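The block underneath contains the structure these notes are about, expressed in structure tokens.
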Amino acid sequence: MNTPHNRSDAEHLDRLFRSESAQAVAALARRFNDFDRAEDAVQDAYVIALQRWPAERIPRNPSGWISTVARNCAIDRLRRERVGAGKHELLADAQTIAAAGDHFEEPAMDDRLAMIFAACHPALSLDTRMALTLRYAAGLTVGEIAGALLAEVPAIAQRLVRAKRKIREAHIPISVPDDAVLPQRLEDVLRVLYLIFNEGYASLTHASRVRADLCDEALRLVALLEILLPAEPEVAGLHALMLFHDARRSTRVDENDDPVLLEDQDRSKWDTRKIMRGLTLLESALRHEHVGSYQVQAAIAAEHARAETWESTNWFRIRHWYDALYAIEPSPVVALNRAVAVGYTDGAEAALREIDAVIDAPELQGYPPLHASRAEFLRRLGRDAEARAQYLRALDFSQSEPERRFINKRLVSLSP
Amino acid sequence: MQYVCLIYEDGKPRDRLDPDAVQKMYEEYGKLGQEAAQKGVMRGGNELTGVSSATSVRLRDGRRLVTDGPFAETKEVLTGFMIFECASLDEALDWASKIPSAKWGTIEVRPVVEHAAQPV
């Protein structure tokens with residue numbers, strides 16, 4: 001194929017190269033335990049691709065081409081460093097490499113997995129883990145990450161530089177952890193993926209499409225992880241949980257970007273394909289009989305997802321799952337959420353008793369849902385004056401404008 | 001590469017724990033030292049005397065400034081260190097989490113800079 005090298009071709013080539021080079025970066029980073037070395041080599045391969053791809057043809061297996069050429073470039077760089085010269089003509093060497101033909105090795109999925117575990121290593125800060133995962137596991141550009149995380153481009157670039165330095169200097173291994181520590185390390189990975197998903201989901205408005213992409217990236221990553229670690233039911237559990245949330249994506253906010261409560265959402269607009277997929281995933285995960293927090297959270301979300309109307313919600317099953325969740329994670333936040341379910345199974349008085357049992361927990365101080373749920377149950381019991389005071393407390397702590405509008409609507413509905 | 005595990009504790013355990021617990025702790029430290037030596041990763045380490053015997057020195061404009069106590073007053077103080085030879089941070093973290101004081105204090109794991117050997 002001999003096409004003129006115009007602007008759109010260049011863009012196409014750039015996009016293709018970028019989407020196909022994640023594998024090569026992962027393989028080389030793993031081999032040298034050094035991201036910079038891997039990126040430099042892939043950059044060398046890009047220069048060669050710019051020359052050869054438009055002039056000849058795009059290889060049948062671009063990912064394999066990039067992996068092979070970049071690996072040879074990396075070896076070449078090492079050799080030059082050892083000689084101490086560095087004046088070699090890069091392209092001259094590369095001609096012989098690229099002449100190797102179409103016999104390129106198949107990318108090893110293990111490299112991608114090693115990359116995800118390194119990016120989510122607990123020795124790095126959570127912010128850093130998110131940025132690294134988006135950059136090296138999802139393949140986003142620094143600009144895209146900055147846009148999605150509402151940060152400045154130089155700040156993200158700096159964060160990545162520091163992270164790569166720590167990985168190199170402290171020898172954070174770019175490898176799949178041993179079986180002994182795998183469960184704990186997997187928890188760290190799942191936490192980062194869920195954070196990425198929530199970062200997109202929580203801030204979902206009609207105006208912020210960029211951030212919604214974070215949900216898609218998290219879904220893609222958890223699906224990849226599921227292929228790589230098929231024996232881990234928590235991966236499928238998190239995947240199902242994300243799918244149930246994502247199925248409701250379009251109904252969560254109204255045209256003014258105000259949040260719509262679950263009970264008021266238009267269920268006919270929920271994505272049934274995603275819900276069915278989530279249900280299948282969850283069912284097969286639960287068959288492992290190794291229940292974890294994500295599977296239980298998915299089971300709760302599944303009960304909501306499969307209820308055709310708000311009224312037909314099976315609160316007894318939801319409460320059962322909240323009991324299971326509390327057994328795994330006995331935190332005041334879980335207790336608060338369980339209290340809401342109790343409100344439907346045993347009534348508002350019982351729910352209030354459960355909320356009041358955790359009301360002094362330090363984790364819940366300044367947590368708007370505590371006051372909002374308590375106010376809601378007081379309202380249902382007709383204790384309007386107390387409900388009003390409690391809604392006002394919720395307003396004190398709420399940081400989100402749509403949430404404040406919602407609370408104000410509730411306040412207006414109360415009898416004076 | 002070498003990793004120094006800096007052991008920070010809320011005062012000296014000797015001053016806090018009862019004698020039996022102190023003895024048990026030293027036994028655990030002894031076992032860890034033996035295990036690390038047998039596996040060939042032990043590169044040194046020791047317990048430090050209390051911060052009350054610490055002295056800080058700084059050189060400013062050629063003048064030596066000597067002051068009593070550690071450089072920074074914090075609740076957790078450096079009470080000892082161990083050095084392990086490990087292939088990766090994960091290995092170093094495995095050893096660090098075996099240090100008895102990890103159960104109540106904090107172990108800061110710091111890689112040692114590998115300076116290129118100078119020609120003799």
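FYI, nothing fancy with the structure tokens labels: chains A, B, ... in order, residues from 1 per chain, ligands from 1 as they appear.
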
Practice problem: Could you please select, counting only C-alpha atoms, the residues of chain A within 9 Å of chain B and state them as a list in words? | Solution: Ala123, Ile167, Glu169, Ala170, His171, Ile172, Pro173 and Pro177 of chain A

Could you list, with a cut-off of 12 Å and counting only C-alpha atoms, the residues of range 73-115 of chain B near range 9-12 of chain B, each shown with its nearest atom pair and the distance in Å rounded to one decimal, rows sorted by chain and ascending number, as a Markdown table?
```
| residue | atom | partner | partner_atom | distance |
| --- | --- | --- | --- | --- |
| B:Glu73 | CA | B:Gly11 | CA | 11.8 |
| B:Thr74 | CA | B:Asp10 | CA | 9.0 |
| B:Lys75 | CA | B:Asp10 | CA | 5.9 |
| B:Glu76 | CA | B:Asp10 | CA | 4.4 |
| B:Val77 | CA | B:Glu9 | CA | 5.4 |
| B:Leu78 | CA | B:Glu9 | CA | 6.6 |
| B:Thr79 | CA | B:Glu9 | CA | 6.5 |
| B:Gly80 | CA | B:Glu9 | CA | 9.1 |
| B:Phe81 | CA | B:Glu9 | CA | 11.4 |
| B:Ile99 | CA | B:Glu9 | CA | 12.0 |
| B:Pro100 | CA | B:Glu9 | CA | 11.1 |
| B:Ser101 | CA | B:Glu9 | CA | 7.3 |
| B:Ala102 | CA | B:Glu9 | CA | 8.8 |
| B:Lys103 | CA | B:Glu9 | CA | 10.0 |
| B:Trp104 | CA | B:Glu9 | CA | 7.2 |
| B:Gly105 | CA | B:Glu9 | CA | 4.5 |
| B:Thr106 | CA | B:Glu9 | CA | 6.5 |
| B:Ile107 | CA | B:Glu9 | CA | 8.7 |
| B:Glu108 | CA | B:Glu9 | CA | 10.9 |
```

Exercise. Please measure the separation of CA of Asp396 in chain A and CA of Ala351 in chain A, giving the value in Å to one decimal.
Key: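 Taking CA of Asp396 in chain A and CA of Ala351 in chain A, their separation equals 22.9 Å.
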
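Nearest to Ala307 in chain A of all the residues A:Glu263, A:Glu217, A:Glu376, A:Glu289 is A:Glu263, counting only C-alpha atoms.
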
Exercise. May I ask for the distance between CA of Asp68 in chain B and CA of Thr55 in chain B, given in Å to one decimal place?
Key: 4.8 Å

Self-check item: All residues 9 Å or closer to Met42 in chain B, only C-alpha atoms, same chain fewer than 2 positions away omitted, as a PyMOL selection string
Solution: chain B and resi 33-40+44-45+82-85

Can you write just those residues out, N, CA and C atoms, as a compact mmCIF listing (two decimals), in the first residue's frame?
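This is the output file part-v4.txt:
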```txt
# COMPACT_ATOMS: atom_id res chain seq x y z
N GLY B 33 17.03 -12.50 63.01
CA GLY B 33 18.43 -12.32 62.60
C GLY B 33 19.03 -13.63 62.09
N GLN B 34 18.72 -14.72 62.82
CA GLN B 34 19.25 -16.03 62.40
C GLN B 34 18.68 -16.45 61.06
N GLU B 35 17.37 -16.29 60.92
CA GLU B 35 16.71 -16.69 59.69
C GLU B 35 17.28 -15.92 58.50
N ALA B 36 17.42 -14.59 58.69
CA ALA B 36 17.94 -13.75 57.61
C ALA B 36 19.39 -14.10 57.29
N ALA B 37 20.17 -14.46 58.33
CA ALA B 37 21.57 -14.84 58.10
C ALA B 37 21.64 -16.15 57.34
N GLN B 38 20.79 -17.12 57.74
CA GLN B 38 20.79 -18.42 57.06
C GLN B 38 20.43 -18.28 55.59
N LYS B 39 19.46 -17.37 55.30
CA LYS B 39 19.05 -17.19 53.91
C LYS B 39 20.01 -16.29 53.15
N GLY B 40 21.02 -15.78 53.85
CA GLY B 40 22.04 -14.97 53.19
C GLY B 40 21.62 -13.56 52.86
N GLY B 44 23.35 -6.57 58.35
CA GLY B 44 23.68 -5.77 59.53
C GLY B 44 22.46 -5.22 60.21
N GLY B 45 22.68 -4.53 61.28
CA GLY B 45 21.56 -3.95 62.01
C GLY B 45 21.86 -3.93 63.48
N MET B 82 17.79 -2.49 60.53
CA MET B 82 18.29 -3.76 60.00
C MET B 82 18.53 -3.56 58.51
N ILE B 83 19.54 -4.23 57.99
CA ILE B 83 19.85 -4.10 56.56
C ILE B 83 19.72 -5.48 55.91
N PHE B 84 18.93 -5.54 54.85
CA PHE B 84 18.72 -6.80 54.14
C PHE B 84 19.14 -6.66 52.69
N GLU B 85 19.66 -7.75 52.14
CA GLU B 85 20.01 -7.80 50.71
C GLU B 85 18.86 -8.51 50.00
```

Quiz prompt | Residue contacts of Pro368 in chain A (8 Å, only C-alpha atoms) excluding same-chain residues fewer than 5 positions away, as a list of chain:residue names | solution = A:Arg393, A:Ala394, A:Leu395, A:Phe397, A:Ser398

Quiz item: Counting only C-alpha atoms, what is within 12 Å of Leu16 in chain A, bar same-chain residues fewer than 2 positions away, as number ranges by chain?
Solution: A: 9-14, 18-22, 46, 49-50, 53, 58-59, 61-63, 66, 139

Saved selection, atoms kept: N, CA and C atoms, as a compact mmCIF listing (two decimals), in the first residue's frame:
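Writing the result to part22.txt gives the following:
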```txt
# COMPACT_ATOMS: atom_id res chain seq x y z
N ASP A 9 -3.44 10.43 7.49
CA ASP A 9 -2.68 9.18 7.57
C ASP A 9 -1.79 9.19 8.80
N ALA A 10 -1.15 10.33 9.02
CA ALA A 10 -0.25 10.46 10.17
C ALA A 10 -1.03 10.27 11.47
N GLU A 11 -2.21 10.85 11.50
CA GLU A 11 -3.03 10.71 12.71
C GLU A 11 -3.45 9.27 12.92
N HIS A 12 -3.84 8.64 11.80
CA HIS A 12 -4.27 7.25 11.88
C HIS A 12 -3.14 6.38 12.39
N LEU A 13 -1.95 6.62 11.84
CA LEU A 13 -0.79 5.85 12.22
C LEU A 13 -0.47 6.06 13.69
N ASP A 14 -0.58 7.32 14.11
CA ASP A 14 -0.30 7.67 15.49
C ASP A 14 -1.23 6.92 16.43
N ARG A 18 -0.27 3.95 19.00
CA ARG A 18 -0.49 4.15 20.44
C ARG A 18 -1.31 3.01 21.03
N SER A 19 -2.37 2.60 20.29
CA SER A 19 -3.23 1.56 20.85
C SER A 19 -2.54 0.20 20.83
N GLU A 20 -1.60 0.04 19.89
CA GLU A 20 -0.96 -1.28 19.77
C GLU A 20 0.34 -1.38 20.56
N SER A 21 0.80 -0.26 21.17
CA SER A 21 2.13 -0.30 21.77
C SER A 21 2.11 -0.58 23.27
N ALA A 22 0.89 -0.61 23.89
CA ALA A 22 0.81 -0.85 25.34
C ALA A 22 1.49 -2.17 25.69
N TYR A 46 8.70 3.74 17.21
CA TYR A 46 7.74 4.65 16.58
C TYR A 46 8.39 5.41 15.44
N ALA A 49 8.58 3.10 12.64
CA ALA A 49 7.25 2.87 12.07
C ALA A 49 6.82 4.04 11.20
N LEU A 50 7.13 5.26 11.64
CA LEU A 50 6.78 6.47 10.88
C LEU A 50 7.39 6.40 9.49
N TRP A 53 5.97 2.32 7.82
CA TRP A 53 4.58 1.94 7.64
C TRP A 53 3.90 2.66 6.46
N ILE A 58 1.26 -1.43 6.53
CA ILE A 58 1.13 -1.63 7.96
C ILE A 58 1.19 -3.12 8.22
N PRO A 59 2.08 -3.54 9.15
CA PRO A 59 2.23 -4.99 9.36
C PRO A 59 0.91 -5.64 9.77
N ASN A 61 0.45 -7.76 12.02
CA ASN A 61 0.37 -7.86 13.47
C ASN A 61 1.13 -6.68 14.07
N PRO A 62 0.48 -5.50 14.10
CA PRO A 62 1.21 -4.29 14.52
C PRO A 62 1.80 -4.43 15.92
N SER A 63 1.02 -5.03 16.83
CA SER A 63 1.48 -5.18 18.20
C SER A 63 2.75 -6.02 18.27
N ILE A 66 5.70 -4.04 16.81
CA ILE A 66 6.22 -3.04 17.75
C ILE A 66 7.02 -3.73 18.85
N GLY A 139 -3.48 2.77 28.74
CA GLY A 139 -2.87 3.39 27.56
C GLY A 139 -3.34 4.80 27.26
```

Give the helix (DSSP H, G or I) residues of range 1-78 of chain B, as DSSP finds them on the backbone, and put them as a PDB file with N, CA and C atoms, in the first residue's frame.
```pdb
ATOM      1  N   PRO B  13      10.626   0.197  73.589  1.00  0.00           N
ATOM      2  CA  PRO B  13       9.703  -0.829  74.090  1.00  0.00           C
ATOM      3  C   PRO B  13      10.091  -1.262  75.507  1.00  0.00           C
ATOM      4  N   ARG B  14      11.401  -1.235  75.781  1.00  0.00           N
ATOM      5  CA  ARG B  14      11.882  -1.659  77.095  1.00  0.00           C
ATOM      6  C   ARG B  14      11.229  -0.845  78.218  1.00  0.00           C
ATOM      7  N   ASP B  15      10.955   0.430  77.908  1.00  0.00           N
ATOM      8  CA  ASP B  15      10.369   1.303  78.930  1.00  0.00           C
ATOM      9  C   ASP B  15       8.862   1.118  79.031  1.00  0.00           C
ATOM     10  N   ARG B  16       8.291   0.439  78.052  1.00  0.00           N
ATOM     11  CA  ARG B  16       6.843   0.380  77.940  1.00  0.00           C
ATOM     12  C   ARG B  16       6.289  -1.004  78.290  1.00  0.00           C
ATOM     13  N   PRO B  19       8.666  -7.005  81.575  1.00  0.00           N
ATOM     14  CA  PRO B  19       9.922  -7.729  81.299  1.00  0.00           C
ATOM     15  C   PRO B  19       9.733  -8.979  80.442  1.00  0.00           C
ATOM     16  N   ASP B  20       8.643  -9.724  80.670  1.00  0.00           N
ATOM     17  CA  ASP B  20       8.406 -10.925  79.868  1.00  0.00           C
ATOM     18  C   ASP B  20       8.251 -10.582  78.391  1.00  0.00           C
ATOM     19  N   ALA B  21       7.477  -9.521  78.131  1.00  0.00           N
ATOM     20  CA  ALA B  21       7.235  -9.110  76.742  1.00  0.00           C
ATOM     21  C   ALA B  21       8.528  -8.639  76.099  1.00  0.00           C
ATOM     22  N   VAL B  22       9.362  -7.940  76.896  1.00  0.00           N
ATOM     23  CA  VAL B  22      10.645  -7.464  76.361  1.00  0.00           C
ATOM     24  C   VAL B  22      11.517  -8.662  75.994  1.00  0.00           C
ATOM     25  N   GLN B  23      11.540  -9.650  76.876  1.00  0.00           N
ATOM     26  CA  GLN B  23      12.373 -10.827  76.602  1.00  0.00           C
ATOM     27  C   GLN B  23      11.883 -11.558  75.357  1.00  0.00           C
ATOM     28  N   LYS B  24      10.554 -11.662  75.238  1.00  0.00           N
ATOM     29  CA  LYS B  24       9.963 -12.324  74.085  1.00  0.00           C
ATOM     30  C   LYS B  24      10.350 -11.582  72.803  1.00  0.00           C
ATOM     31  N   MET B  25      10.329 -10.243  72.880  1.00  0.00           N
ATOM     32  CA  MET B  25      10.673  -9.429  71.712  1.00  0.00           C
ATOM     33  C   MET B  25      12.115  -9.688  71.286  1.00  0.00           C
ATOM     34  N   TYR B  26      13.031  -9.716  72.266  1.00  0.00           N
ATOM     35  CA  TYR B  26      14.434  -9.953  71.918  1.00  0.00           C
ATOM     36  C   TYR B  26      14.613 -11.345  71.311  1.00  0.00           C
ATOM     37  N   GLU B  27      13.852 -12.311  71.825  1.00  0.00           N
ATOM     38  CA  GLU B  27      13.938 -13.654  71.244  1.00  0.00           C
ATOM     39  C   GLU B  27      13.493 -13.631  69.780  1.00  0.00           C
ATOM     40  N   GLU B  28      12.404 -12.875  69.533  1.00  0.00           N
ATOM     41  CA  GLU B  28      11.907 -12.790  68.157  1.00  0.00           C
ATOM     42  C   GLU B  28      12.922 -12.111  67.244  1.00  0.00           C
ATOM     43  N   TYR B  29      13.546 -11.042  67.759  1.00  0.00           N
ATOM     44  CA  TYR B  29      14.587 -10.363  66.979  1.00  0.00           C
ATOM     45  C   TYR B  29      15.735 -11.327  66.689  1.00  0.00           C
ATOM     46  N   GLY B  30      16.096 -12.114  67.710  1.00  0.00           N
ATOM     47  CA  GLY B  30      17.180 -13.084  67.539  1.00  0.00           C
ATOM     48  C   GLY B  30      16.858 -14.094  66.448  1.00  0.00           C
ATOM     49  N   LYS B  31      15.612 -14.603  66.488  1.00  0.00           N
ATOM     50  CA  LYS B  31      15.197 -15.597  65.487  1.00  0.00           C
ATOM     51  C   LYS B  31      15.223 -15.000  64.086  1.00  0.00           C
ATOM     52  N   LEU B  32      14.725 -13.759  63.968  1.00  0.00           N
ATOM     53  CA  LEU B  32      14.698 -13.103  62.662  1.00  0.00           C
ATOM     54  C   LEU B  32      16.114 -12.936  62.125  1.00  0.00           C
ATOM     55  N   GLY B  33      17.035 -12.499  63.007  1.00  0.00           N
ATOM     56  CA  GLY B  33      18.431 -12.315  62.604  1.00  0.00           C
ATOM     57  C   GLY B  33      19.026 -13.626  62.094  1.00  0.00           C
ATOM     58  N   GLN B  34      18.724 -14.719  62.822  1.00  0.00           N
ATOM     59  CA  GLN B  34      19.246 -16.027  62.404  1.00  0.00           C
ATOM     60  C   GLN B  34      18.682 -16.449  61.062  1.00  0.00           C
ATOM     61  N   GLU B  35      17.366 -16.291  60.925  1.00  0.00           N
ATOM     62  CA  GLU B  35      16.711 -16.692  59.686  1.00  0.00           C
ATOM     63  C   GLU B  35      17.285 -15.924  58.503  1.00  0.00           C
ATOM     64  N   ALA B  36      17.425 -14.586  58.692  1.00  0.00           N
ATOM     65  CA  ALA B  36      17.943 -13.747  57.607  1.00  0.00           C
ATOM     66  C   ALA B  36      19.388 -14.104  57.287  1.00  0.00           C
ATOM     67  N   ALA B  37      20.171 -14.461  58.329  1.00  0.00           N
ATOM     68  CA  ALA B  37      21.571 -14.836  58.103  1.00  0.00           C
ATOM     69  C   ALA B  37      21.639 -16.153  57.340  1.00  0.00           C
ATOM     70  N   GLN B  38      20.793 -17.121  57.740  1.00  0.00           N
ATOM     71  CA  GLN B  38      20.791 -18.417  57.058  1.00  0.00           C
ATOM     72  C   GLN B  38      20.431 -18.275  55.585  1.00  0.00           C
ATOM     73  N   VAL B  51      16.582   8.201  72.581  1.00  0.00           N
ATOM     74  CA  VAL B  51      16.846   9.542  72.024  1.00  0.00           C
ATOM     75  C   VAL B  51      17.445  10.474  73.067  1.00  0.00           C
ATOM     76  N   SER B  52      17.288  10.160  74.355  1.00  0.00           N
ATOM     77  CA  SER B  52      17.855  11.041  75.380  1.00  0.00           C
ATOM     78  C   SER B  52      19.379  11.069  75.289  1.00  0.00           C
ATOM     79  N   SER B  53      19.949  10.040  74.634  1.00  0.00           N
ATOM     80  CA  SER B  53      21.405  10.042  74.485  1.00  0.00           C
ATOM     81  C   SER B  53      21.826  10.479  73.085  1.00  0.00           C
TER      82      SER B  53
END
```

Exercise. Extract the full set of strand (DSSP E or B) residues from chain B according to DSSP on the backbone, and format it as a ChimeraX atom specification.
Key: /B:2-9,42-47,55-60,63-68,77-85,106-111

Exercise. Using only C-alpha atoms, find the one residue out of A:Asp179, A:Asp258, A:Asp34, A:Asp111 that sits nearest to Ile407 in chain A.
Key: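 For Ile407 in chain A, the nearest of the given residues is A:Asp258.
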
Quiz item: What is the distance between CA of Gly237 in chain A and CA of Glu283 in chain A, in Å to one decimal?
Solution: 9.1 Å

Practice problem: Identify, on the basis of only C-alpha atoms, every residue whose closest approach to Gln23 in chain A does not exceed 12 Å; exclude the query and any residue fewer than 2 positions from it along the same chain; express the result as an MDAnalysis selection string. | Solution: chainID A and resid 17:21 25:30 38:39 42 62:68 70:71 105:116 136:139

Quiz prompt | Neighbour list for Leu262 in chain A as a list of chain:residue names, cut-off 9 Å, only C-alpha atoms, skip fewer than 4 positions in-chain | solution =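 Skipping anything fewer than 4 positions along the chain leaves A:Thr251, A:Arg252, A:Asp266, A:His304, A:Trp310.
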